[in-house]
file target13.tsv (TSV, C-alpha atoms (C1' of nucleotides))
chain	number	residue	atom	x	y	z
F	24	MET	CA	-25.21	6.59	-25.18
F	25	SER	CA	-22.94	3.59	-25.57
F	26	GLU	CA	-23.65	0.55	-23.47
F	27	LEU	CA	-20.05	0.17	-22.41
F	28	LEU	CA	-17.82	2.75	-20.78
F	29	THR	CA	-14.09	3.21	-21.07
F	30	ILE	CA	-12.00	3.48	-17.96
F	31	GLY	CA	-11.63	7.20	-18.56
F	32	GLU	CA	-15.38	7.68	-18.65
F	33	VAL	CA	-15.87	5.73	-15.46
F	34	ALA	CA	-13.10	7.74	-13.82
F	35	ARG	CA	-14.70	11.04	-14.82
F	36	ARG	CA	-18.17	10.01	-13.77
F	37	SER	CA	-17.16	8.47	-10.48
F	38	GLY	CA	-14.42	10.84	-9.46
F	39	VAL	CA	-12.21	7.83	-8.86
F	40	ALA	CA	-8.86	7.78	-10.66
F	41	ALA	CA	-8.34	5.32	-13.48
F	42	SER	CA	-5.40	3.86	-11.61
F	43	ALA	CA	-7.67	3.21	-8.66
F	44	LEU	CA	-10.21	1.50	-10.90
F	45	ARG	CA	-7.52	-0.82	-12.23
F	46	PHE	CA	-6.50	-1.46	-8.66
F	47	TYR	CA	-10.06	-2.32	-7.67
F	48	GLU	CA	-10.29	-4.67	-10.60
F	49	GLU	CA	-7.08	-6.38	-9.59
F	50	ARG	CA	-8.58	-6.85	-6.15
F	51	GLY	CA	-11.73	-8.29	-7.65
F	52	LEU	CA	-14.03	-5.48	-6.53
F	53	ILE	CA	-15.13	-4.61	-10.02
F	54	ALA	CA	-14.93	-6.38	-13.35
F	55	SER	CA	-14.61	-5.39	-16.98
F	56	GLU	CA	-14.92	-6.87	-20.39
F	57	ARG	CA	-12.18	-6.23	-22.89
F	58	ALA	CA	-12.41	-4.67	-26.31
F	59	GLY	CA	-10.49	-6.36	-29.10
F	60	SER	CA	-7.71	-3.89	-28.44
F	61	GLY	CA	-7.32	-5.09	-24.88
F	62	HIS	CA	-8.86	-1.92	-23.49
F	63	ARG	CA	-11.28	-2.24	-20.60
F	64	ARG	CA	-14.99	-1.81	-21.25
F	65	TYR	CA	-17.20	-1.38	-18.23
F	66	PRO	CA	-20.89	-2.16	-18.23
F	67	ARG	CA	-22.87	0.76	-16.87
F	68	PRO	CA	-23.75	-0.81	-13.50
F	69	VAL	CA	-20.12	-0.57	-12.53
F	70	LEU	CA	-20.84	3.04	-11.63
F	71	ARG	CA	-23.12	2.00	-8.83
F	72	ARG	CA	-20.60	-0.54	-7.70
F	73	VAL	CA	-17.93	2.12	-7.51
F	74	ALA	CA	-20.30	4.40	-5.64
F	75	PHE	CA	-20.85	1.58	-3.22
F	76	ILE	CA	-17.11	1.21	-2.69
F	77	VAL	CA	-16.67	4.91	-2.02
F	78	PHE	CA	-19.55	4.94	0.40
F	79	ALA	CA	-18.28	1.90	2.24
F	80	GLN	CA	-14.86	3.46	2.60
F	81	ARG	CA	-16.36	6.50	4.24
F	82	VAL	CA	-18.10	4.20	6.66
F	83	GLY	CA	-14.69	2.82	7.50
F	84	LEU	CA	-14.49	-0.55	5.78
F	85	THR	CA	-11.28	-1.79	4.24
F	86	LEU	CA	-11.23	-2.82	0.61
F	87	GLU	CA	-11.01	-6.42	1.69
F	88	GLU	CA	-14.18	-6.12	3.70
F	89	ILE	CA	-15.88	-4.28	0.90
F	90	GLY	CA	-14.90	-7.09	-1.42
F	91	ALA	CA	-16.52	-9.58	0.91
F	92	GLU	CA	-19.71	-7.53	1.06
F	93	LEU	CA	-19.83	-7.23	-2.68
F	94	ALA	CA	-19.22	-10.93	-3.08
F	95	ALA	CA	-22.17	-11.62	-0.80
F	96	LEU	CA	-24.52	-9.64	-3.04
F	97	PRO	CA	-26.40	-11.66	-5.64
F	98	PRO	CA	-24.35	-11.81	-8.82
F	99	ASP	CA	-27.30	-12.72	-11.03
F	100	ARG	CA	-29.65	-9.84	-10.35
F	101	VAL	CA	-29.57	-6.20	-9.41
F	102	PRO	CA	-29.36	-5.93	-5.63
F	103	GLY	CA	-32.69	-4.88	-4.21
F	104	ARG	CA	-34.04	-3.29	-1.09
F	105	ARG	CA	-33.80	-6.60	0.74
F	106	ASP	CA	-30.11	-7.01	0.01
F	107	TRP	CA	-29.31	-3.53	1.22
F	108	ALA	CA	-31.31	-4.06	4.35
F	109	ARG	CA	-29.25	-7.09	5.25
F	110	LEU	CA	-26.04	-5.22	4.62
F	111	SER	CA	-27.31	-2.18	6.38
F	112	ARG	CA	-27.71	-3.90	9.73
F	113	GLY	CA	-24.03	-4.71	10.05
F	114	TRP	CA	-22.93	-1.30	8.96
F	115	SER	CA	-25.30	0.53	11.22
F	116	ALA	CA	-24.01	-1.39	14.19
F	117	ARG	CA	-20.50	-0.52	13.22
F	118	ILE	CA	-21.28	3.14	12.78
F	119	ASP	CA	-23.11	3.17	16.10
F	120	GLN	CA	-20.11	1.70	17.83
F	121	ARG	CA	-17.77	4.26	16.41
F	122	ILE	CA	-20.13	7.09	17.29
F	123	ALA	CA	-20.41	5.74	20.81
F	124	GLU	CA	-16.65	5.69	21.13
F	125	LEU	CA	-16.34	9.22	19.85
F	126	GLU	CA	-18.93	10.39	22.32
F	127	ARG	CA	-17.09	8.64	25.09
F	128	LEU	CA	-13.90	10.36	24.03
F	129	ARG	CA	-15.59	13.74	23.84
F	130	ALA	CA	-16.92	13.28	27.33
F	131	GLY	CA	-13.49	12.24	28.55
F	132	LEU	CA	-12.04	15.35	27.05
F	133	THR	CA	-13.58	17.47	29.77
F	134	GLU	CA	-14.38	14.99	32.48
F	135	CYS	CA	-11.38	12.81	32.48
F	136	ILE	CA	-8.52	14.82	31.13
F	137	GLY	CA	-9.89	17.98	32.67
F	138	CYS	CA	-10.01	16.51	36.13
F	139	GLY	CA	-6.48	15.31	35.86
F	140	CYS	CA	-7.30	11.64	36.14
F	141	LEU	CA	-5.80	10.77	32.80
F	142	SER	CA	-3.75	8.04	34.31
F	143	LEU	CA	-2.97	4.86	32.51
F	144	ASP	CA	-3.61	2.78	35.58
F	145	ARG	CA	-7.06	3.98	36.36
F	146	CYS	CA	-8.63	5.72	33.38
F	147	ARG	CA	-10.71	3.55	31.10
F	148	LEU	CA	-10.34	6.07	28.31
F	149	ALA	CA	-6.69	5.33	27.91
F	150	ASN	CA	-6.85	1.81	29.18
F	151	PRO	CA	-4.49	-0.63	27.53
F	152	GLY	CA	-7.15	-3.32	27.72
F	153	ASP	CA	-9.34	-1.24	25.48
F	154	ARG	CA	-6.70	-0.90	22.87
F	155	ALA	CA	-5.97	-2.89	19.76
F	156	ALA	CA	-2.43	-3.43	20.96
F	157	GLU	CA	-2.50	-7.18	20.86
F	158	HIS	CA	-3.67	-7.41	17.29
F	159	GLY	CA	-0.21	-8.49	16.25
F	160	PRO	CA	2.37	-6.97	13.99
F	161	GLY	CA	1.83	-4.69	11.09
F	162	PRO	CA	0.51	-1.16	11.19
F	163	ARG	CA	-2.09	-0.31	13.76
F	164	TYR	CA	-5.38	0.46	12.08
F	165	TRP	CA	-6.71	3.87	12.87
F	166	ILE	CA	-7.45	3.26	16.42
F	167	GLY	CA	-11.12	2.69	17.00
F	168	ASP	CA	-11.86	2.34	13.33
F	169	ARG	CA	-10.76	-1.23	13.48
F	170	PRO	CA	-13.16	-3.96	12.40
F	171	VAL	CA	-14.52	-5.77	15.41
U	4	MET	CA	9.43	3.63	43.98
U	5	SER	CA	12.24	4.82	41.79
U	6	GLU	CA	11.95	8.26	40.29
U	7	LEU	CA	12.95	7.13	36.84
U	8	LEU	CA	11.43	4.38	34.72
U	9	THR	CA	13.09	2.12	32.18
U	10	ILE	CA	11.58	1.78	28.75
U	11	GLY	CA	10.33	-1.66	29.69
U	12	GLU	CA	8.49	-0.31	32.69
U	13	VAL	CA	6.87	2.44	30.68
U	14	ALA	CA	5.89	-0.09	28.04
U	15	ARG	CA	4.26	-2.36	30.59
U	16	ARG	CA	2.46	0.43	32.36
U	17	SER	CA	1.22	2.16	29.24
U	18	GLY	CA	0.49	-0.83	27.06
U	19	VAL	CA	2.54	0.80	24.33
U	20	ALA	CA	5.40	-1.25	22.88
U	21	ALA	CA	8.96	-0.22	23.64
U	22	SER	CA	9.62	0.11	19.92
U	23	ALA	CA	6.72	2.55	19.71
U	24	LEU	CA	8.10	4.56	22.61
U	25	ARG	CA	11.47	4.87	20.87
U	26	PHE	CA	9.60	5.90	17.78
U	27	TYR	CA	7.69	8.59	19.69
U	28	GLU	CA	10.93	9.84	21.12
U	29	GLU	CA	12.49	10.02	17.68
U	30	ARG	CA	9.49	12.09	16.63
U	31	GLY	CA	9.91	14.37	19.60
U	32	LEU	CA	6.66	13.42	21.30
U	33	ILE	CA	8.32	12.25	24.46
U	34	ALA	CA	11.78	12.71	25.94
U	35	SER	CA	14.10	10.72	28.13
U	36	GLU	CA	17.26	11.12	30.12
U	37	ARG	CA	19.99	8.60	29.75
U	38	ALA	CA	21.61	6.44	32.36
U	39	GLY	CA	25.40	6.15	32.26
U	40	SER	CA	24.91	2.94	30.32
U	41	GLY	CA	23.09	4.76	27.55
U	42	HIS	CA	19.77	3.25	28.56
U	43	ARG	CA	16.71	5.46	28.55
U	44	ARG	CA	15.33	6.69	31.85
U	45	TYR	CA	11.88	8.23	31.78
U	46	PRO	CA	10.61	10.62	34.41
U	47	ARG	CA	7.27	9.51	35.75
U	48	PRO	CA	5.14	12.18	34.01
U	49	VAL	CA	5.94	10.52	30.69
U	50	LEU	CA	3.15	8.10	31.52
U	51	ARG	CA	0.58	10.84	31.32
U	52	ARG	CA	2.12	12.08	28.13
U	53	VAL	CA	1.85	8.63	26.59
U	54	ALA	CA	-1.74	8.38	27.78
U	55	PHE	CA	-2.38	11.68	26.06
U	56	ILE	CA	-0.92	10.37	22.82
U	57	VAL	CA	-3.03	7.24	22.92
U	58	PHE	CA	-6.14	9.25	23.66
U	59	ALA	CA	-5.45	11.70	20.88
U	60	GLN	CA	-4.93	8.90	18.41
U	61	ARG	CA	-8.33	7.47	19.23
U	62	VAL	CA	-9.78	10.87	18.58
U	63	GLY	CA	-8.19	10.66	15.15
U	64	LEU	CA	-5.16	12.94	15.28
U	65	THR	CA	-1.96	12.04	13.51
U	66	LEU	CA	1.28	11.87	15.43
U	67	GLU	CA	2.35	15.07	13.80
U	68	GLU	CA	-0.71	16.89	15.06
U	69	ILE	CA	-0.30	15.37	18.47
U	70	GLY	CA	3.25	16.62	18.51
U	71	ALA	CA	2.03	20.11	17.76
U	72	GLU	CA	-0.54	19.97	20.55
U	73	LEU	CA	2.05	18.73	22.99
U	74	ALA	CA	4.45	21.45	21.95
U	75	ALA	CA	1.75	24.03	22.64
U	76	LEU	CA	1.36	22.89	26.22
U	77	PRO	CA	3.43	24.76	28.80
U	78	PRO	CA	6.78	23.09	29.19
U	79	ASP	CA	7.52	24.69	32.54
U	80	ARG	CA	4.52	23.57	34.57
U	81	VAL	CA	2.07	20.70	34.73
U	82	PRO	CA	-0.76	21.42	32.30
U	83	GLY	CA	-3.83	22.50	34.17
U	84	ARG	CA	-7.55	22.67	33.63
U	85	ARG	CA	-7.17	25.79	31.56
U	86	ASP	CA	-4.75	24.19	29.14
U	87	TRP	CA	-7.00	21.20	28.61
U	88	ALA	CA	-9.98	23.44	28.04
U	89	ARG	CA	-8.20	25.24	25.24
U	90	LEU	CA	-7.21	21.97	23.67
U	91	SER	CA	-10.60	20.52	24.21
U	92	ARG	CA	-12.42	23.03	22.05
U	93	GLY	CA	-10.62	22.03	18.89
U	94	TRP	CA	-10.97	18.36	19.52
U	95	SER	CA	-14.63	18.54	20.35
U	96	ALA	CA	-15.33	20.29	17.09
U	97	ARG	CA	-13.44	17.63	15.26
U	98	ILE	CA	-15.24	14.82	17.00
U	99	ASP	CA	-18.57	16.49	16.32
U	100	GLN	CA	-17.79	16.72	12.64
U	101	ARG	CA	-16.90	13.08	12.40
U	102	ILE	CA	-19.99	12.07	14.31
U	103	ALA	CA	-22.10	14.20	12.00
U	104	GLU	CA	-20.63	12.50	8.99
U	105	LEU	CA	-21.20	9.06	10.43
U	106	GLU	CA	-24.80	9.95	11.14
U	107	ARG	CA	-25.20	11.20	7.63
U	108	LEU	CA	-23.80	7.95	6.33
U	109	ARG	CA	-26.03	5.88	8.56
U	110	ALA	CA	-29.04	7.74	7.30
U	111	GLY	CA	-27.90	7.22	3.75
U	112	LEU	CA	-27.60	3.55	4.39
U	113	THR	CA	-31.34	3.14	4.42
U	114	GLU	CA	-32.60	6.25	2.70
U	115	CYS	CA	-30.21	6.60	-0.11
U	116	ILE	CA	-28.81	3.20	-0.87
U	117	GLY	CA	-32.07	1.55	0.06
U	118	CYS	CA	-34.08	3.61	-2.35
U	119	GLY	CA	-31.73	2.83	-5.17
U	120	CYS	CA	-30.57	6.39	-5.69
U	121	LEU	CA	-26.95	5.59	-4.98
U	122	SER	CA	-25.89	7.24	-8.16
U	123	LEU	CA	-22.68	9.10	-8.49
U	124	ASP	CA	-24.29	11.88	-10.45
U	125	ARG	CA	-26.97	12.75	-7.99
U	126	CYS	CA	-26.26	11.37	-4.57
U	127	ARG	CA	-24.44	13.69	-2.23
U	128	LEU	CA	-23.34	10.76	-0.11
U	129	ALA	CA	-21.04	9.46	-2.77
U	130	ASN	CA	-20.43	12.75	-4.43
U	131	PRO	CA	-16.97	13.24	-5.85
U	132	GLY	CA	-17.05	16.85	-4.74
U	133	ASP	CA	-17.34	15.70	-1.16
U	134	ARG	CA	-14.38	13.47	-1.44
U	135	ALA	CA	-10.76	14.06	-0.63
U	136	ALA	CA	-9.85	13.21	-4.18
U	137	GLU	CA	-8.17	16.47	-4.96
U	138	HIS	CA	-5.88	16.35	-1.98
U	139	GLY	CA	-3.05	15.38	-4.27
U	140	PRO	CA	-0.94	12.29	-4.47
U	141	GLY	CA	0.00	10.02	-1.67
U	142	PRO	CA	-2.29	7.76	0.27
U	143	ARG	CA	-5.84	8.83	0.85
U	144	TYR	CA	-6.41	9.36	4.54
U	145	TRP	CA	-9.20	7.33	5.97
U	146	ILE	CA	-11.94	9.08	4.19
U	147	GLY	CA	-13.67	11.54	6.45
U	148	ASP	CA	-11.07	11.24	9.13
U	149	ARG	CA	-8.93	13.75	7.37
U	150	PRO	CA	-7.87	16.85	9.25
U	151	VAL	CA	-9.85	19.81	8.07
W	7	DC	C1'	-0.19	9.77	-42.53
W	8	DT	C1'	1.01	11.70	-38.67
W	9	DA	C1'	0.17	13.60	-34.15
W	10	DC	C1'	-1.39	12.94	-29.87
W	11	DA	C1'	-4.52	11.41	-26.45
W	12	DA	C1'	-5.81	7.45	-24.10
W	13	DG	C1'	-5.15	2.90	-23.03
W	14	DC	C1'	-2.17	-1.20	-21.67
W	15	DT	C1'	1.24	-3.81	-18.21
W	16	DC	C1'	4.61	-3.80	-14.85
W	17	DT	C1'	7.57	-2.23	-11.24
W	18	DA	C1'	8.45	0.81	-7.70
W	19	DG	C1'	7.28	4.52	-4.62
W	20	DT	C1'	4.26	7.02	-1.00
W	21	DG	C1'	2.82	8.05	4.01
W	22	DA	C1'	1.49	6.82	8.48
W	23	DA	C1'	2.77	4.30	12.39
W	24	DC	C1'	5.07	1.18	13.69
W	25	DT	C1'	7.59	-3.72	13.96
W	26	DT	C1'	11.31	-6.84	13.11
W	27	DG	C1'	15.87	-8.30	12.97
W	28	DA	C1'	20.83	-7.93	13.16
W	29	DA	C1'	24.64	-6.94	15.83
W	30	DG	C1'	26.31	-5.23	19.82
W	31	DT	C1'	26.36	-3.49	25.13
W	32	DC	C1'	25.31	-3.81	30.03
W	33	DA	C1'	23.67	-5.73	34.63
W	34	DA	C1'	22.45	-9.47	37.51
W	35	DG	C1'	22.28	-14.21	38.99
W	36	DC	C1'	24.45	-18.71	39.40
T	26	DG	C1'	33.11	-16.72	34.20
T	27	DC	C1'	29.05	-17.34	31.76
T	28	DT	C1'	24.47	-17.10	30.56
T	29	DT	C1'	20.24	-14.57	30.40
T	30	DG	C1'	17.55	-10.72	29.75
T	31	DA	C1'	16.95	-5.96	29.04
T	32	DC	C1'	18.64	-2.53	26.64
T	33	DT	C1'	21.12	0.05	22.51
T	34	DT	C1'	21.32	1.62	17.32
T	35	DC	C1'	20.33	1.19	12.62
T	36	DA	C1'	18.35	-0.56	8.46
T	37	DA	C1'	14.74	-2.71	6.38
T	38	DG	C1'	10.05	-4.64	6.35
T	39	DT	C1'	4.75	-4.32	6.90
T	40	DT	C1'	-0.16	-2.78	5.74
T	41	DC	C1'	-3.40	-0.09	3.22
T	42	DA	C1'	-4.88	2.17	-0.72
T	43	DC	C1'	-3.28	3.85	-3.98
T	44	DT	C1'	-0.06	6.83	-7.44
T	45	DA	C1'	3.77	7.48	-10.70
T	46	DG	C1'	6.55	6.40	-14.29
T	47	DA	C1'	8.64	3.57	-17.98
T	48	DG	C1'	7.88	1.61	-22.22
T	49	DC	C1'	4.62	0.07	-25.42
T	50	DT	C1'	0.07	-0.15	-28.25
T	51	DT	C1'	-4.51	1.72	-29.88
T	52	DG	C1'	-7.90	5.01	-31.34
T	53	DT	C1'	-9.06	9.41	-33.36
T	54	DA	C1'	-8.74	14.03	-35.55
T	55	DG	C1'	-6.79	16.78	-38.97
call {"tool": "encode", "arguments": {"input": "target13.tsv", "output": "structure tokens"}}
result
Amino acid sequence: MSELLTIGEVARRSGVAASALRFYEERGLIASERAGSGHRRYPRPVLRRVAFIVFAQRVGLTLEEIGAELAALPPDRVPGRRDWARLSRGWSARIDQRIAELERLRAGLTECIGCGCLSLDRCRLANPGDRAAEHGPGPRYWIGDRPV
Amino acid sequence: MSELLTIGEVARRSGVAASALRFYEERGLIASERAGSGHRRYPRPVLRRVAFIVFAQRVGLTLEEIGAELAALPPDRVPGRRDWARLSRGWSARIDQRIAELERLRAGLTECIGCGCLSLDRCRLANPGDRAAEHGPGPRYWIGDRPV
DNA sequence: CTACAAGCTCTAGTGAACTTGAAGTCAAGC
DNA sequence: GCTTGACTTCAAGTTCACTAGAGCTTGTAG
């Protein structure tokens, strides 16, 4: 019934570990007030914010991107239907792209590999040009899940 | 025209960095002979094997899984239509699952978030039970891309 | 008042898939 | 003979999204 939640309560209710919540806070994705003791106190709406983060991760966004999306939401009022709609467009496009790629791959599974044409020179399914190879150093993102 | 390719040639033709090829070899995904100098010499079919690896990664398999798939292919003969078909079944199912999840998420984008029900308690889209939270320590796999 | 749970900060580790860099070898061209 | 470039090994670094543990403080129940 309390207005403010402890980190443990948020963790239990969201299914996200307390350590992860601290990590999100460090990254600026969520915020907390502090009790006199120095303990975190989360206002209730943080639960929706955490839900949003989890959802966005499943869609395939990185925490950095999620942070940007959250920053773009109005800080002064509860985000409404209009805000979601704006957000939604970008995400839908992204999801559609990934689905399209997966369908292409599934088709290639029988058509292209099956027919024996899986050749790097000719097959667009394994074409270097399609790949994220030139995205510089560091780990390759899950191929195809990369932000475009 | 030569029968055997250097690592540089394979890298150029496959679009995969030489360092990655050495890494794949270390992991047992590909193999090479050695010239007298100690330099790697790849038989030509390695190109198809690399193409296979790249393809499988886009589908979402880890290198370890890819290694297992490759190990299951006949080592004595060129893999034929039958071998691909066997492989294909598992991958298709996997792709279908991921597509289904993405579609579910896309629907939730308007239905569930849009209507304001994005609540951790009630919404199955952000439901802790759905999540890979209990998969133990270590990094969370890209959520939803996890091998089932 | 004392346990003990829960919170705090900070540093370091994890796993996947590589890349980077150091230090050395080998082959070819000038 | 020397430089250049391609190759070798090996160790260490990178990103992402966290987790784990050390060492300390706070809050609560008996």
call {"tool": "closest_residue", "arguments": {"input": "target13.tsv", "among": "T:DT40, T:DT29, T:DT53, T:DT34", "to": "DC10 (chain W)", "atoms": "all atoms listed in the file"}}
result
T:DT53
call {"tool": "atom_distance", "arguments": {"input": "target13.tsv", "atom1": "CA of Ile89 (chain F)", "atom2": "CA of Ile76 (chain F)"}}
result
6.7 Å
call {"tool": "closest_residue", "arguments": {"input": "target13.tsv", "among": "T:DG38, T:DA31, T:DA45, T:DA54", "to": "DA33 (chain W)", "atoms": "only C-alpha atoms (C1' of nucleotides)"}}
result
T:DA31
call {"tool": "closest_residue", "arguments": {"input": "target13.tsv", "among": "W:DT15, W:DT31, W:DT20, W:DT25", "to": "DC43 (chain T)", "atoms": "all atoms listed in the file"}}
result
W:DT20
call {"tool": "atom_distance", "arguments": {"input": "target13.tsv", "atom1": "CA of Gly31 (chain F)", "atom2": "C1' of DT8 (chain W)"}}
result
24.2 Å
call {"tool": "residues_around", "arguments": {"input": "target13.tsv", "residues": "DC49 (chain T)", "least_positions_apart": "5", "cutoff": "12 Å", "atoms": "only C-alpha atoms (C1' of nucleotides)", "output": "list in words"}}
result
DG13, DC14, DT15 and DC16 of chain W
call {"tool": "interface_residues", "arguments": {"input": "target13.tsv", "of": "chain T", "to": "chain U", "cutoff": "9 Å", "atoms": "only C-alpha atoms (C1' of nucleotides)", "output": "ChimeraX atom specification"}}
result
/T:31-33,41-44
call {"tool": "closest_atom_pairs", "arguments": {"input": "target13.tsv", "of": "chain W", "to": "chain U", "cutoff": "7 Å", "atoms": "all atoms listed in the file", "output": "JSON lines"}}
result
{"residue": "W:DT20", "atom": "C1'", "partner": "U:Gly141", "partner_atom": "CA", "distance": 5.3}
{"residue": "W:DG21", "atom": "C1'", "partner": "U:Pro142", "partner_atom": "CA", "distance": 6.3}
{"residue": "W:DC24", "atom": "C1'", "partner": "U:Ala23", "partner_atom": "CA", "distance": 6.4}
{"residue": "W:DC32", "atom": "C1'", "partner": "U:Ser40", "partner_atom": "CA", "distance": 6.8}
call {"tool": "atom_distance", "arguments": {"input": "target13.tsv", "atom1": "CA of Leu27 (chain F)", "atom2": "CA of Ala41 (chain F)"}}
result
15.6 Å
call {"tool": "closest_residue", "arguments": {"input": "target13.tsv", "among": "F:Ala123, F:Ala54, F:Ala91, F:Ala74", "to": "chain U", "atoms": "only C-alpha atoms"}}
result
F:Ala74
call {"tool": "residues_near_point", "arguments": {"input": "target13.tsv", "point": "(-29.6, -11.8, -3.5)", "cutoff": "6 Å", "atoms": "only C-alpha atoms (C1' of nucleotides)", "output": "PyMOL selection string"}}
result
chain F and resi 96-97+106
call {"tool": "closest_residue", "arguments": {"input": "target13.tsv", "among": "U:Ile33, U:Arg15, U:Ala75, U:Glu28", "to": "chain F", "atoms": "all atoms listed in the file"}}
result
U:Arg15
call {"tool": "axis_aligned_box", "arguments": {"input": "target13.tsv", "around": "region 87-100 of chain U", "padding_each_side": "4 Å", "output": "AutoDock Vina command-line options"}}
result
--center_x -12.8 --center_y 20.0 --center_z 20.6 --size_x 19.6 --size_y 18.4 --size_z 24.0
call {"tool": "closest_residue", "arguments": {"input": "target13.tsv", "among": "U:Ala14, U:Ile102, U:Ala110, U:Val49", "to": "chain F", "atoms": "only C-alpha atoms"}}
result
U:Ile102
